[in-house]
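J.: Structure supplied as start16.pdb; contents: PDB, C-alpha atoms.
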ATOM      1  CA  MET A   1       0.000   0.000   0.000
ATOM      2  CA  THR A   2       1.381   3.404  -0.979
ATOM      3  CA  ASP A   3       2.115   5.698   1.941
ATOM      4  CA  VAL A   4      -0.133   8.739   2.071
ATOM      5  CA  ARG A   5       1.750  11.982   2.623
ATOM      6  CA  ARG A   6       0.370  14.782   4.684
ATOM      7  CA  VAL A   7       0.134  18.236   3.181
ATOM      8  CA  PHE A   8       3.107  19.598   5.125
ATOM      9  CA  GLU A   9       5.258  16.628   4.067
ATOM     10  CA  ALA A  10       4.507  17.258   0.391
ATOM     11  CA  LEU A  11       5.187  20.970   0.835
ATOM     12  CA  ASN A  12       8.505  20.375   2.603
ATOM     13  CA  TRP A  13       9.633  17.898  -0.056
ATOM     14  CA  ALA A  14       8.710  20.255  -2.894
ATOM     15  CA  SER A  15      10.411  23.263  -1.302
ATOM     16  CA  SER A  16      13.641  21.320  -0.755
ATOM     17  CA  PHE A  17      13.516  19.818  -4.243
ATOM     18  CA  LEU A  18      13.079  23.212  -5.915
ATOM     19  CA  LYS A  19      15.800  24.791  -3.802
ATOM     20  CA  ALA A  20      18.206  22.039  -4.844
ATOM     21  CA  LYS A  21      17.327  22.748  -8.494
ATOM     22  CA  GLY A  22      17.965  26.476  -8.119
ATOM     23  CA  ARG A  23      14.283  27.475  -8.247
ATOM     24  CA  GLU A  24      12.260  29.664  -5.897
ATOM     25  CA  GLU A  25      10.964  27.620  -2.976
ATOM     26  CA  ASN A  26       7.778  29.694  -2.815
ATOM     27  CA  ALA A  27       6.619  28.055  -6.048
ATOM     28  CA  ALA A  28       5.927  24.909  -4.016
ATOM     29  CA  ARG A  29       3.274  26.695  -1.963
ATOM     30  CA  ILE A  30       1.689  28.293  -5.036
ATOM     31  CA  LEU A  31       1.481  24.985  -6.896
ATOM     32  CA  LEU A  32       0.111  23.135  -3.873
ATOM     33  CA  GLN A  33      -2.512  25.814  -3.325
ATOM     34  CA  HIS A  34      -3.451  25.463  -6.979
ATOM     35  CA  GLU A  35      -3.728  21.690  -6.737
ATOM     36  CA  LEU A  36      -5.867  21.836  -3.587
ATOM     37  CA  GLY A  37      -7.897  24.874  -4.643
ATOM     38  CA  MET A  38      -7.035  26.650  -1.421
ATOM     39  CA  SER A  39      -5.995  30.104  -0.286
ATOM     40  CA  GLN A  40      -2.735  30.478   1.592
ATOM     41  CA  ALA A  41      -4.674  30.616   4.859
ATOM     42  CA  GLY A  42      -6.563  27.459   3.897
ATOM     43  CA  LEU A  43      -3.341  25.667   3.095
ATOM     44  CA  LEU A  44      -1.830  26.603   6.452
ATOM     45  CA  ALA A  45      -4.939  25.319   8.200
ATOM     46  CA  SER A  46      -4.692  21.992   6.357
ATOM     47  CA  LEU A  47      -1.007  21.211   6.793
ATOM     48  CA  ARG A  48      -1.636  18.033   8.797
ATOM     49  CA  ASP A  49      -4.366  16.716   6.517
ATOM     50  CA  PRO A  50      -3.630  13.674   4.349
ATOM     51  CA  LEU A  51      -3.009  14.454   0.692
ATOM     52  CA  ASP A  52      -5.095  12.526  -1.818
ATOM     53  CA  PRO A  53      -2.690  10.259  -3.780
ATOM     54  CA  GLU A  54      -3.932  11.504  -7.165
ATOM     55  CA  GLN A  55      -3.476  15.106  -6.086
ATOM     56  CA  ASP A  56      -0.055  14.227  -4.706
ATOM     57  CA  GLU A  57       0.977  12.694  -8.043
ATOM     58  CA  ARG A  58      -0.199  15.731 -10.036
ATOM     59  CA  PHE A  59       1.586  18.011  -7.567
ATOM     60  CA  ARG A  60       4.817  16.000  -7.965
ATOM     61  CA  ARG A  61       4.608  16.265 -11.757
ATOM     62  CA  ASN A  62       4.071  20.028 -11.599
ATOM     63  CA  ILE A  63       7.004  20.467  -9.240
ATOM     64  CA  GLU A  64       9.221  18.429 -11.552
ATOM     65  CA  GLN A  65       8.082  20.444 -14.563
ATOM     66  CA  HIS A  66       8.792  23.726 -12.806
ATOM     67  CA  ALA A  67      12.213  22.443 -11.755
ATOM     68  CA  ALA A  68      12.836  21.786 -15.473
ATOM     69  CA  GLY A  69      11.975  25.419 -16.272
ATOM     70  CA  VAL A  70       8.233  25.504 -16.987
ATOM     71  CA  PRO A  71       6.878  28.741 -15.464
ATOM     72  CA  VAL A  72       4.563  28.351 -12.497
ATOM     73  CA  GLN A  73       1.948  30.412 -14.348
ATOM     74  CA  HIS A  74       1.911  27.947 -17.241
ATOM     75  CA  LEU A  75       1.195  25.170 -14.751
ATOM     76  CA  THR A  76      -1.564  27.029 -12.928
ATOM     77  CA  GLY A  77      -2.847  28.816 -16.039
ATOM     78  CA  VAL A  78      -3.252  32.141 -14.254
ATOM     79  CA  GLU A  79      -1.397  35.154 -12.878
ATOM     80  CA  GLU A  80      -2.576  38.066 -10.779
ATOM     81  CA  PHE A  81      -2.221  41.626 -12.059
ATOM     82  CA  TYR A  82      -3.494  44.771 -10.363
ATOM     83  CA  GLY A  83      -5.620  42.682  -8.005
ATOM     84  CA  ARG A  84      -7.273  40.654 -10.772
ATOM     85  CA  GLU A  85      -6.617  37.150 -12.042
ATOM     86  CA  PHE A  86      -5.749  36.692 -15.720
ATOM     87  CA  GLU A  87      -5.422  33.619 -17.884
ATOM     88  CA  VAL A  88      -1.903  33.098 -19.238
ATOM     89  CA  ASN A  89      -0.446  30.517 -21.594
ATOM     90  CA  LYS A  90       2.369  29.954 -24.085
ATOM     91  CA  ASP A  91       0.883  32.522 -26.495
ATOM     92  CA  VAL A  92       1.265  35.561 -24.210
ATOM     93  CA  LEU A  93       3.778  37.103 -21.861
ATOM     94  CA  ILE A  94       3.306  36.422 -18.180
ATOM     95  CA  PRO A  95       2.185  39.672 -16.486
ATOM     96  CA  ARG A  96       4.864  41.348 -14.376
ATOM     97  CA  PRO A  97       4.166  43.565 -11.374
ATOM     98  CA  GLU A  98       6.389  46.251 -12.892
ATOM     99  CA  THR A  99       3.739  46.876 -15.541
ATOM    100  CA  GLU A 100       1.378  47.917 -12.756
ATOM    101  CA  GLU A 101       3.531  51.046 -12.463
ATOM    102  CA  LEU A 102       2.552  52.011 -16.007
ATOM    103  CA  ILE A 103      -1.105  51.705 -14.988
ATOM    104  CA  GLU A 104      -0.564  53.737 -11.813
ATOM    105  CA  GLU A 105       1.216  56.573 -13.579
ATOM    106  CA  THR A 106      -1.371  56.718 -16.354
ATOM    107  CA  LEU A 107      -4.277  56.835 -13.887
ATOM    108  CA  GLN A 108      -2.634  59.770 -12.121
ATOM    109  CA  LEU A 109      -2.293  61.604 -15.431
ATOM    110  CA  VAL A 110      -5.919  60.841 -16.277
ATOM    111  CA  GLN A 111      -7.045  62.533 -13.060
ATOM    112  CA  ARG A 112      -5.178  65.643 -14.137
ATOM    113  CA  TYR A 113      -5.942  65.804 -17.859
ATOM    114  CA  PHE A 114      -9.166  63.814 -18.246
ATOM    115  CA  PRO A 115     -10.981  64.395 -14.932
ATOM    116  CA  ALA A 116     -14.267  63.065 -16.324
ATOM    117  CA  GLY A 117     -12.545  59.671 -16.543
ATOM    118  CA  ASP A 118     -13.728  58.987 -20.085
ATOM    119  CA  PRO A 119     -10.656  59.145 -22.366
ATOM    120  CA  SER A 120     -10.301  57.003 -25.462
ATOM    121  CA  ILE A 121      -7.490  54.503 -24.828
ATOM    122  CA  VAL A 122      -5.636  52.055 -27.042
ATOM    123  CA  ASP A 123      -3.206  49.371 -25.890
ATOM    124  CA  ILE A 124      -0.728  48.373 -28.612
ATOM    125  CA  GLY A 125       0.645  44.840 -28.306
ATOM    126  CA  THR A 126      -1.935  43.819 -25.732
ATOM    127  CA  GLY A 127      -0.896  40.169 -25.257
ATOM    128  CA  SER A 128      -3.072  38.757 -22.478
ATOM    129  CA  GLY A 129      -4.927  42.069 -22.334
ATOM    130  CA  ILE A 130      -3.811  43.138 -18.885
ATOM    131  CA  ILE A 131      -3.256  46.820 -19.680
ATOM    132  CA  ALA A 132      -6.415  47.358 -21.734
ATOM    133  CA  ILE A 133      -8.645  45.386 -19.371
ATOM    134  CA  THR A 134      -7.242  47.018 -16.245
ATOM    135  CA  MET A 135      -7.708  50.498 -17.690
ATOM    136  CA  LYS A 136     -11.317  49.682 -18.626
ATOM    137  CA  CYS A 137     -12.026  48.249 -15.182
ATOM    138  CA  GLU A 138     -10.464  51.272 -13.453
ATOM    139  CA  LEU A 139     -12.109  53.775 -15.853
ATOM    140  CA  PRO A 140     -15.480  52.224 -16.792
ATOM    141  CA  ALA A 141     -16.545  55.309 -18.787
ATOM    142  CA  SER A 142     -13.504  55.105 -21.051
ATOM    143  CA  GLU A 143     -13.473  53.718 -24.586
ATOM    144  CA  VAL A 144     -10.748  51.080 -24.857
ATOM    145  CA  ALA A 145      -9.270  49.276 -27.855
ATOM    146  CA  ALA A 146      -6.465  46.727 -27.899
ATOM    147  CA  VAL A 147      -4.182  45.651 -30.761
ATOM    148  CA  ASP A 148      -2.003  42.591 -31.252
ATOM    149  CA  ILE A 149      -0.345  40.954 -34.241
ATOM    150  CA  SER A 150      -0.988  37.495 -32.770
ATOM    151  CA  GLU A 151      -4.454  36.033 -33.261
ATOM    152  CA  SER A 152      -3.896  33.475 -30.492
ATOM    153  CA  ALA A 153      -2.871  36.238 -28.085
ATOM    154  CA  LEU A 154      -6.040  38.169 -28.914
ATOM    155  CA  LEU A 155      -8.157  35.085 -28.211
ATOM    156  CA  THR A 156      -6.549  34.882 -24.764
ATOM    157  CA  ALA A 157      -7.150  38.610 -24.208
ATOM    158  CA  GLU A 158     -10.788  38.236 -25.240
ATOM    159  CA  ARG A 159     -11.294  35.474 -22.682
ATOM    160  CA  ASN A 160      -9.707  37.659 -20.018
ATOM    161  CA  ALA A 161     -11.946  40.573 -20.964
ATOM    162  CA  SER A 162     -14.983  38.328 -20.656
ATOM    163  CA  ARG A 163     -13.751  37.092 -17.279
ATOM    164  CA  HIS A 164     -13.696  40.668 -15.974
ATOM    165  CA  GLY A 165     -16.705  42.024 -17.834
ATOM    166  CA  ALA A 166     -14.559  44.525 -19.756
ATOM    167  CA  ASP A 167     -15.902  45.851 -23.059
ATOM    168  CA  ILE A 168     -12.781  46.069 -25.245
ATOM    169  CA  ASP A 169     -12.554  46.550 -29.003
ATOM    170  CA  PHE A 170      -9.906  43.991 -29.985
ATOM    171  CA  LYS A 171      -8.096  44.549 -33.280
ATOM    172  CA  LEU A 172      -5.768  42.172 -35.116
ATOM    173  CA  GLY A 173      -2.823  43.836 -36.829
ATOM    174  CA  ASP A 174       0.675  45.266 -36.698
ATOM    175  CA  LEU A 175       1.262  48.131 -34.231
ATOM    176  CA  THR A 176      -0.706  51.240 -35.278
ATOM    177  CA  GLU A 177      -2.120  49.837 -38.531
ATOM    178  CA  PRO A 178      -5.502  48.763 -37.063
ATOM    179  CA  ILE A 179      -6.121  52.067 -35.233
ATOM    180  CA  ARG A 180      -5.513  54.518 -38.062
ATOM    181  CA  GLY A 181      -8.257  56.804 -39.293
ATOM    182  CA  ARG A 182      -9.022  58.459 -35.949
ATOM    183  CA  LYS A 183      -7.260  59.974 -32.944
ATOM    184  CA  TRP A 184      -6.918  58.673 -29.399
ATOM    185  CA  ASP A 185      -6.488  60.400 -26.047
ATOM    186  CA  ILE A 186      -4.148  57.784 -24.563
ATOM    187  CA  VAL A 187      -1.821  55.264 -26.200
ATOM    188  CA  LEU A 188      -0.151  52.666 -23.971
ATOM    189  CA  SER A 189       2.243  49.920 -24.966
ATOM    190  CA  ASN A 190       4.503  47.286 -23.475
ATOM    191  CA  PRO A 191       6.062  46.100 -26.742
ATOM    192  CA  PRO A 192       8.915  43.658 -27.338
ATOM    193  CA  TYR A 193      12.023  45.548 -26.216
ATOM    194  CA  ILE A 194      14.762  43.024 -25.504
ATOM    195  CA  GLY A 195      17.661  43.007 -27.940
ATOM    196  CA  TYR A 196      18.518  39.668 -29.517
ATOM    197  CA  ASP A 197      22.023  39.933 -28.096
ATOM    198  CA  GLU A 198      20.510  39.808 -24.584
ATOM    199  CA  LYS A 199      18.842  36.434 -25.102
ATOM    200  CA  ALA A 200      21.501  34.490 -23.222
ATOM    201  CA  GLU A 201      21.035  36.694 -20.151
ATOM    202  CA  LEU A 202      17.381  35.764 -19.706
ATOM    203  CA  SER A 203      16.100  33.173 -17.282
ATOM    204  CA  ASP A 204      15.340  29.865 -18.965
ATOM    205  CA  THR A 205      11.751  30.126 -17.722
ATOM    206  CA  VAL A 206      11.409  33.247 -19.887
ATOM    207  CA  ARG A 207      13.697  32.429 -22.827
ATOM    208  CA  ASP A 208      12.426  28.885 -23.384
ATOM    209  CA  PHE A 209       8.729  29.251 -22.626
ATOM    210  CA  GLU A 210       7.464  32.766 -23.397
ATOM    211  CA  PRO A 211       6.735  33.880 -26.996
ATOM    212  CA  HIS A 212       9.819  35.386 -28.626
ATOM    213  CA  THR A 213       7.680  37.662 -30.803
ATOM    214  CA  ALA A 214       6.573  39.377 -27.586
ATOM    215  CA  LEU A 215      10.083  39.550 -26.117
ATOM    216  CA  PHE A 216      12.627  40.519 -28.770
ATOM    217  CA  ALA A 217      12.996  43.429 -31.188
ATOM    218  CA  ASP A 218      15.621  44.638 -33.632
ATOM    219  CA  ASP A 219      17.926  47.622 -33.139
ATOM    220  CA  GLN A 220      18.878  46.561 -29.607
ATOM    221  CA  GLY A 221      15.206  46.367 -28.684
ATOM    222  CA  LEU A 222      14.317  49.882 -29.899
ATOM    223  CA  ALA A 223      12.780  49.091 -33.304
ATOM    224  CA  LEU A 224       9.116  49.226 -32.280
ATOM    225  CA  TYR A 225       9.530  52.391 -30.208
ATOM    226  CA  SER A 226      11.086  54.034 -33.251
ATOM    227  CA  ARG A 227       8.148  53.003 -35.437
ATOM    228  CA  MET A 228       5.541  54.144 -32.926
ATOM    229  CA  ALA A 229       7.281  57.476 -32.381
ATOM    230  CA  ARG A 230       7.025  58.134 -36.127
ATOM    231  CA  GLU A 231       3.432  56.969 -36.471
ATOM    232  CA  LEU A 232       1.704  58.196 -33.308
ATOM    233  CA  PRO A 233       1.703  61.974 -33.926
ATOM    234  CA  ALA A 234      -1.043  61.443 -36.512
ATOM    235  CA  LEU A 235      -3.055  59.293 -34.102
ATOM    236  CA  VAL A 236      -2.944  61.070 -30.717
ATOM    237  CA  ASN A 237      -5.145  63.966 -29.636
ATOM    238  CA  LYS A 238      -3.839  67.170 -28.069
ATOM    239  CA  PRO A 239      -3.708  67.009 -25.137
ATOM    240  CA  GLY A 240      -2.821  63.341 -25.153
ATOM    241  CA  ILE A 241      -0.774  60.793 -23.254
ATOM    242  CA  ILE A 242       1.636  58.198 -24.599
ATOM    243  CA  GLY A 243       2.999  55.688 -22.106
ATOM    244  CA  PHE A 244       5.577  53.006 -22.895
ATOM    245  CA  GLU A 245       7.107  50.362 -20.704
ATOM    246  CA  ILE A 246      10.775  50.166 -21.671
ATOM    247  CA  GLY A 247      13.945  48.327 -20.744
ATOM    248  CA  HIS A 248      16.049  49.558 -17.832
ATOM    249  CA  ALA A 249      18.788  50.964 -20.096
ATOM    250  CA  GLN A 250      16.540  52.398 -22.810
ATOM    251  CA  GLY A 251      15.343  55.581 -21.091
ATOM    252  CA  GLU A 252      17.448  58.142 -22.908
ATOM    253  CA  ALA A 253      17.038  56.478 -26.298
ATOM    254  CA  VAL A 254      13.228  56.313 -26.061
ATOM    255  CA  LYS A 255      13.059  59.819 -24.644
ATOM    256  CA  SER A 256      15.050  61.069 -27.632
ATOM    257  CA  LEU A 257      12.704  59.298 -30.062
ATOM    258  CA  LEU A 258       9.655  60.893 -28.437
ATOM    259  CA  LYS A 259      11.297  64.287 -28.257
ATOM    260  CA  GLU A 260      11.936  64.209 -31.989
ATOM    261  CA  ALA A 261       8.303  63.262 -32.628
ATOM    262  CA  TYR A 262       6.891  65.708 -30.055
ATOM    263  CA  PRO A 263       9.321  68.647 -29.756
ATOM    264  CA  GLN A 264       6.841  70.717 -27.694
ATOM    265  CA  ALA A 265       5.746  67.935 -25.349
ATOM    266  CA  GLU A 266       6.695  67.229 -21.761
ATOM    267  CA  ILE A 267       8.558  63.945 -21.828
ATOM    268  CA  TYR A 268       9.922  62.054 -18.859
ATOM    269  CA  VAL A 269      11.272  58.684 -17.859
ATOM    270  CA  LYS A 270      10.410  57.114 -14.532
ATOM    271  CA  LYS A 271      12.602  54.308 -13.296
ATOM    272  CA  ILE A 272      11.507  51.699 -10.789
ATOM    273  CA  SER A 273      13.750  49.102  -9.202
ATOM    274  CA  THR A 274      13.109  45.490  -8.350
ATOM    275  CA  LYS A 275      15.351  42.875  -6.815
ATOM    276  CA  MET A 276      16.279  41.608 -10.263
ATOM    277  CA  THR A 277      16.516  44.648 -12.475
ATOM    278  CA  ALA A 278      15.482  48.251 -13.029
ATOM    279  CA  TRP A 279      12.510  49.056 -15.206
ATOM    280  CA  SER A 280      11.245  52.321 -16.593
ATOM    281  CA  PHE A 281       8.641  53.809 -18.858
ATOM    282  CA  ALA A 282       8.366  57.023 -20.820
ATOM    283  CA  SER A 283       5.272  59.132 -21.096
ATOM    284  CA  THR A 284       4.561  62.252 -23.103
ATOM    285  CA  ARG A 285       1.719  64.741 -22.964
ATOM    286  CA  SER A 286       1.377  66.525 -26.286
ATOM    287  CA  TYR A 287      -0.145  69.970 -26.624
TER     288      TYR A 287
END
Represent the supplied structure as C-alpha cells.
T.:
Amino acid sequence: MTDVRRVFEALNWASSFLKAKGREENAARILLQHELGMSQAGLLASLRDPLDPEQDERFRRNIEQHAAGVPVQHLTGVEEFYGREFEVNKDVLIPRPETEELIEETLQLVQRYFPAGDPSIVDIGTGSGIIAITMKCELPASEVAAVDISESALLTAERNASRHGADIDFKLGDLTEPIRGRKWDIVLSNPPYIGYDEKAELSDTVRDFEPHTALFADDQGLALYSRMARELPALVNKPGIIGFEIGHAQGEAVKSLLKEAYPQAEIYVKKISTKMTAWSFASTRSY
C-alpha cells in the first residue's frame, strides 16, 4: 500500500527539491494551493491533513516540470495583475508587477488631464490584455481598444476581458495599422524591447517558454519604439498621453525618439527598481 503523505510533508519535499534545483521555494506553496484549490490561509490550516494520492501525483509532476523550467503560471494557467486574475499561456507574456507602475502613472495623469474619466485609450501589443482590461475596469466610462499581431494572443485577451466584464474593441494587426483613421487620447504599450544579443542573459523560464515575438525586437530592442514614435503623432489627440514600458537601459534612447516626434511635449522617464533589475517607462503629454 502506498504511503499517504500529509500536506506539510509534500510541501517540505517540494520546497527542498526546488531549492536544490535552483528554483524559488515559494513556487511549491503556489502549486500546492493550486492543486488543492485553497488560499494560503486554507493551506496553512490543512497542513496536517492527508493528501489525496492523485493530487499528490499531479503536484509532484508540476514540481518536476517547474524544476525543469516551466513557469509556475503555465502550470496554474493564471497570474494576478493589479488585483485581478488573468489567464496566461504559451501565447502571451506572463504579467509582471512592474507593468502595474505604467497603470498607476497613467491613472494619475488621467485625473489631471481627463478628470471626467472617459478618455479614449488604445493598448498596442496587448498580449493577455492586462493593460487594456485594467484600464477599462479602473475607468469604466472610457473607450478602450487593444491591438495585437498574434491572433492566439487576442483570443486569450478576449477570454480575459470576458472574465472581468470589460468591453474592449480587440483589433488584429501590426502596431498602429488597425487604429488609423481616428485619434486617441491615450496610447499605452509594453512592446517587445529586448535586444537579440541579450537572449543568453534571460532566465530559462522566460527564454524557453514565453513567446519570442513578444520579447525581442531589432535595433537593440528599440525598433518598435522608433516606429511608434514616427506613427503616433497622426493618431494622438492634443492634449494626449503616450505611455511606454521600456527596458532599464533604454530611457534616454526612447526619450530622444519621443522628443523628436513631439518637440513641444513634456517627456519624462520614470525608473523603478526590483530585486532583479530596473525598469522604466516614458510618457509624453502633447499639446
J.: Skipping near chain neighbours, those fewer than 5 positions away, what residues fall within 10 Å of A:Glu151 using only C-alpha atoms, listed as number ranges by chain?
T.: A: 91, 127, 156-157, 171-173
J.: Any chance you could work out the residue set of the PyMOL selection byres ((chain A and resi 1-11) around 6) here, as a PDB file with C-alpha atoms, in the frame of the given file?
T.:
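Saved as selection28.pdb:
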ATOM      1  CA  ASN A  12       8.505  20.375   2.603  1.00  0.00           C
ATOM      2  CA  TRP A  13       9.633  17.898  -0.056  1.00  0.00           C
ATOM      3  CA  ALA A  14       8.710  20.255  -2.894  1.00  0.00           C
ATOM      4  CA  LEU A  47      -1.007  21.211   6.793  1.00  0.00           C
ATOM      5  CA  ARG A  48      -1.636  18.033   8.797  1.00  0.00           C
ATOM      6  CA  ASP A  49      -4.366  16.716   6.517  1.00  0.00           C
ATOM      7  CA  PRO A  50      -3.630  13.674   4.349  1.00  0.00           C
ATOM      8  CA  LEU A  51      -3.009  14.454   0.692  1.00  0.00           C
TER       9      LEU A  51
END
J.: When you draw a straight line from atom CA of A:His34 to atom CA of A:Gly83, how long is it in Å?
T.: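 Rounded to one decimal, the two atoms are 17.4 Å apart.
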J.: In Å, how far is it from atom CA of A:Ile133 to atom CA of A:Glu80?
T.: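 Here the two named atoms are 12.8 Å from each other.
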J.: Once the PyMOL selection byres ((chain A and resi 67) around 9) is applied to the coordinates I shared, what remains selected? I want it as a CSV table (one decimal) with C-alpha atoms, in the coordinates of the input.
T.:
chain,number,residue,atom,x,y,z
A,17,PHE,CA,13.5,19.8,-4.2
A,18,LEU,CA,13.1,23.2,-5.9
A,21,LYS,CA,17.3,22.7,-8.5
A,22,GLY,CA,18.0,26.5,-8.1
A,23,ARG,CA,14.3,27.5,-8.2
A,62,ASN,CA,4.1,20.0,-11.6
A,63,ILE,CA,7.0,20.5,-9.2
A,64,GLU,CA,9.2,18.4,-11.6
A,65,GLN,CA,8.1,20.4,-14.6
A,66,HIS,CA,8.8,23.7,-12.8
A,68,ALA,CA,12.8,21.8,-15.5
A,69,GLY,CA,12.0,25.4,-16.3
A,70,VAL,CA,8.2,25.5,-17.0
J.: Give me the residues of stretch 92-167 of chain A that have any atom at most 10 Å from an atom of stretch 237-250 of chain A; for each, the nearest atom pair and the distance in Å, rounded to one decimal. Use only C-alpha atoms, sort by chain and number, and format it as a tab-separated table.
T.:
residue	atom	partner	partner_atom	distance
A:Glu98	CA	A:Glu245	CA	8.9
A:Thr99	CA	A:Glu245	CA	7.1
A:Glu101	CA	A:Glu245	CA	9.0
A:Leu102	CA	A:Glu245	CA	6.7
A:Ile103	CA	A:Gly243	CA	9.1
A:Glu105	CA	A:Gly243	CA	8.8
A:Thr106	CA	A:Gly243	CA	7.3
A:Leu109	CA	A:Ile241	CA	8.0
A:Val110	CA	A:Ile241	CA	8.7
A:Tyr113	CA	A:Pro239	CA	7.7
A:Phe114	CA	A:Pro239	CA	9.4
A:Pro119	CA	A:Gly240	CA	9.3
A:Ser120	CA	A:Asn237	CA	9.6
A:Ile121	CA	A:Ile241	CA	9.3
A:Val122	CA	A:Ile242	CA	9.8
A:Asp123	CA	A:Gly243	CA	9.6
A:Ile124	CA	A:Phe244	CA	9.7
J.: Determine the nearest neighbour of A:Ile168 from the options A:Pro53, A:Pro263, A:Pro140, A:Gly37, counting only C-alpha atoms.
T.: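 Of A:Pro53, A:Pro263, A:Pro140, A:Gly37, the one nearest A:Ile168, counting only C-alpha atoms, is A:Pro140.
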J.: Between A:Ala229, A:Leu235, A:Cys137, A:Leu224, which is the closest to A:Leu258 once you count only C-alpha atoms?
T.: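 Result for the nearest residue to A:Leu258: A:Ala229.
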J.: For each of A:Tyr82, A:Val92, A:Ala261, A:Thr176, take the minimum atom-to-atom distance to A:Glu138, counting all atoms listed in the file, then give the residue where this is smallest.
T.: A:Tyr82
J.: Write out as a ChimeraX atom specification which residues come within 10 Å of stretch 211-218 of chain A when counting all atoms listed in the file, dropping same-chain ones fewer than 6 positions away.
T.: /A:89-94,125-127,148-150,153,190-199,224-225
J.: Report as JSON, numbers by chain the residues that result from applying the PyMOL selection byres ((chain A and resi 136) around 10) to the structure here.
T.: {"A": [118, 121, 130, 131, 132, 133, 134, 135, 137, 138, 139, 140, 141, 142, 143, 144, 145, 161, 164, 165, 166, 167, 168]}
J.: Grab the atom CA of A:Phe59 to atom CA of A:Leu31 distance for me, in Å with one decimal place.
T.: 7.0 Å
J.: Any chance you could build stretch 225-239 of chain A out to N, CA, C and O atoms and write it as a PDB file, in the frame of the given file?
T.:
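Dumped everything to part32.pdb:
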ATOM      1  N   TYR A 225       9.681  51.026 -30.728  1.00  0.00           N
ATOM      2  CA  TYR A 225       9.530  52.391 -30.208  1.00  0.00           C
ATOM      3  C   TYR A 225       9.777  53.403 -31.320  1.00  0.00           C
ATOM      4  O   TYR A 225       9.074  54.417 -31.412  1.00  0.00           O
ATOM      5  N   SER A 226      10.771  53.133 -32.156  1.00  0.00           N
ATOM      6  CA  SER A 226      11.086  54.034 -33.251  1.00  0.00           C
ATOM      7  C   SER A 226       9.905  54.139 -34.214  1.00  0.00           C
ATOM      8  O   SER A 226       9.526  55.239 -34.643  1.00  0.00           O
ATOM      9  N   ARG A 227       9.304  52.995 -34.544  1.00  0.00           N
ATOM     10  CA  ARG A 227       8.148  53.003 -35.437  1.00  0.00           C
ATOM     11  C   ARG A 227       6.974  53.761 -34.830  1.00  0.00           C
ATOM     12  O   ARG A 227       6.324  54.572 -35.491  1.00  0.00           O
ATOM     13  N   MET A 228       6.684  53.488 -33.555  1.00  0.00           N
ATOM     14  CA  MET A 228       5.541  54.144 -32.926  1.00  0.00           C
ATOM     15  C   MET A 228       5.765  55.645 -32.791  1.00  0.00           C
ATOM     16  O   MET A 228       4.834  56.441 -32.947  1.00  0.00           O
ATOM     17  N   ALA A 229       6.991  56.041 -32.488  1.00  0.00           N
ATOM     18  CA  ALA A 229       7.281  57.476 -32.381  1.00  0.00           C
ATOM     19  C   ALA A 229       7.012  58.184 -33.698  1.00  0.00           C
ATOM     20  O   ALA A 229       6.540  59.332 -33.706  1.00  0.00           O
ATOM     21  N   ARG A 230       7.284  57.534 -34.815  1.00  0.00           N
ATOM     22  CA  ARG A 230       7.025  58.134 -36.127  1.00  0.00           C
ATOM     23  C   ARG A 230       5.534  58.169 -36.457  1.00  0.00           C
ATOM     24  O   ARG A 230       5.047  59.114 -37.079  1.00  0.00           O
ATOM     25  N   GLU A 231       4.815  57.131 -36.040  1.00  0.00           N
ATOM     26  CA  GLU A 231       3.432  56.969 -36.471  1.00  0.00           C
ATOM     27  C   GLU A 231       2.398  57.594 -35.541  1.00  0.00           C
ATOM     28  O   GLU A 231       1.300  57.960 -35.978  1.00  0.00           O
ATOM     29  N   LEU A 232       2.707  57.749 -34.266  1.00  0.00           N
ATOM     30  CA  LEU A 232       1.704  58.196 -33.308  1.00  0.00           C
ATOM     31  C   LEU A 232       1.290  59.664 -33.421  1.00  0.00           C
ATOM     32  O   LEU A 232       0.143  59.994 -33.091  1.00  0.00           O
ATOM     33  N   PRO A 233       2.158  60.580 -33.854  1.00  0.00           N
ATOM     34  CA  PRO A 233       1.703  61.974 -33.926  1.00  0.00           C
ATOM     35  C   PRO A 233       0.425  62.163 -34.732  1.00  0.00           C
ATOM     36  O   PRO A 233      -0.370  63.065 -34.427  1.00  0.00           O
ATOM     37  N   ALA A 234       0.177  61.329 -35.714  1.00  0.00           N
ATOM     38  CA  ALA A 234      -1.043  61.443 -36.512  1.00  0.00           C
ATOM     39  C   ALA A 234      -2.244  60.782 -35.847  1.00  0.00           C
ATOM     40  O   ALA A 234      -3.373  60.911 -36.327  1.00  0.00           O
ATOM     41  N   LEU A 235      -2.001  60.103 -34.704  1.00  0.00           N
ATOM     42  CA  LEU A 235      -3.055  59.293 -34.102  1.00  0.00           C
ATOM     43  C   LEU A 235      -3.426  59.703 -32.682  1.00  0.00           C
ATOM     44  O   LEU A 235      -4.340  59.120 -32.097  1.00  0.00           O
ATOM     45  N   VAL A 236      -2.721  60.695 -32.110  1.00  0.00           N
ATOM     46  CA  VAL A 236      -2.944  61.070 -30.717  1.00  0.00           C
ATOM     47  C   VAL A 236      -3.487  62.488 -30.632  1.00  0.00           C
ATOM     48  O   VAL A 236      -2.971  63.409 -31.275  1.00  0.00           O
ATOM     49  N   ASN A 237      -4.539  62.651 -29.835  1.00  0.00           N
ATOM     50  CA  ASN A 237      -5.145  63.966 -29.636  1.00  0.00           C
ATOM     51  C   ASN A 237      -4.213  64.895 -28.866  1.00  0.00           C
ATOM     52  O   ASN A 237      -3.231  64.466 -28.256  1.00  0.00           O
ATOM     53  N   LYS A 238      -4.538  66.174 -28.884  1.00  0.00           N
ATOM     54  CA  LYS A 238      -3.839  67.170 -28.069  1.00  0.00           C
ATOM     55  C   LYS A 238      -4.868  67.855 -27.177  1.00  0.00           C
ATOM     56  O   LYS A 238      -5.791  68.487 -27.688  1.00  0.00           O
ATOM     57  N   PRO A 239      -4.759  67.753 -25.863  1.00  0.00           N
ATOM     58  CA  PRO A 239      -3.708  67.009 -25.137  1.00  0.00           C
ATOM     59  C   PRO A 239      -3.892  65.494 -25.263  1.00  0.00           C
ATOM     60  O   PRO A 239      -4.991  65.005 -25.500  1.00  0.00           O
TER      61      PRO A 239
END
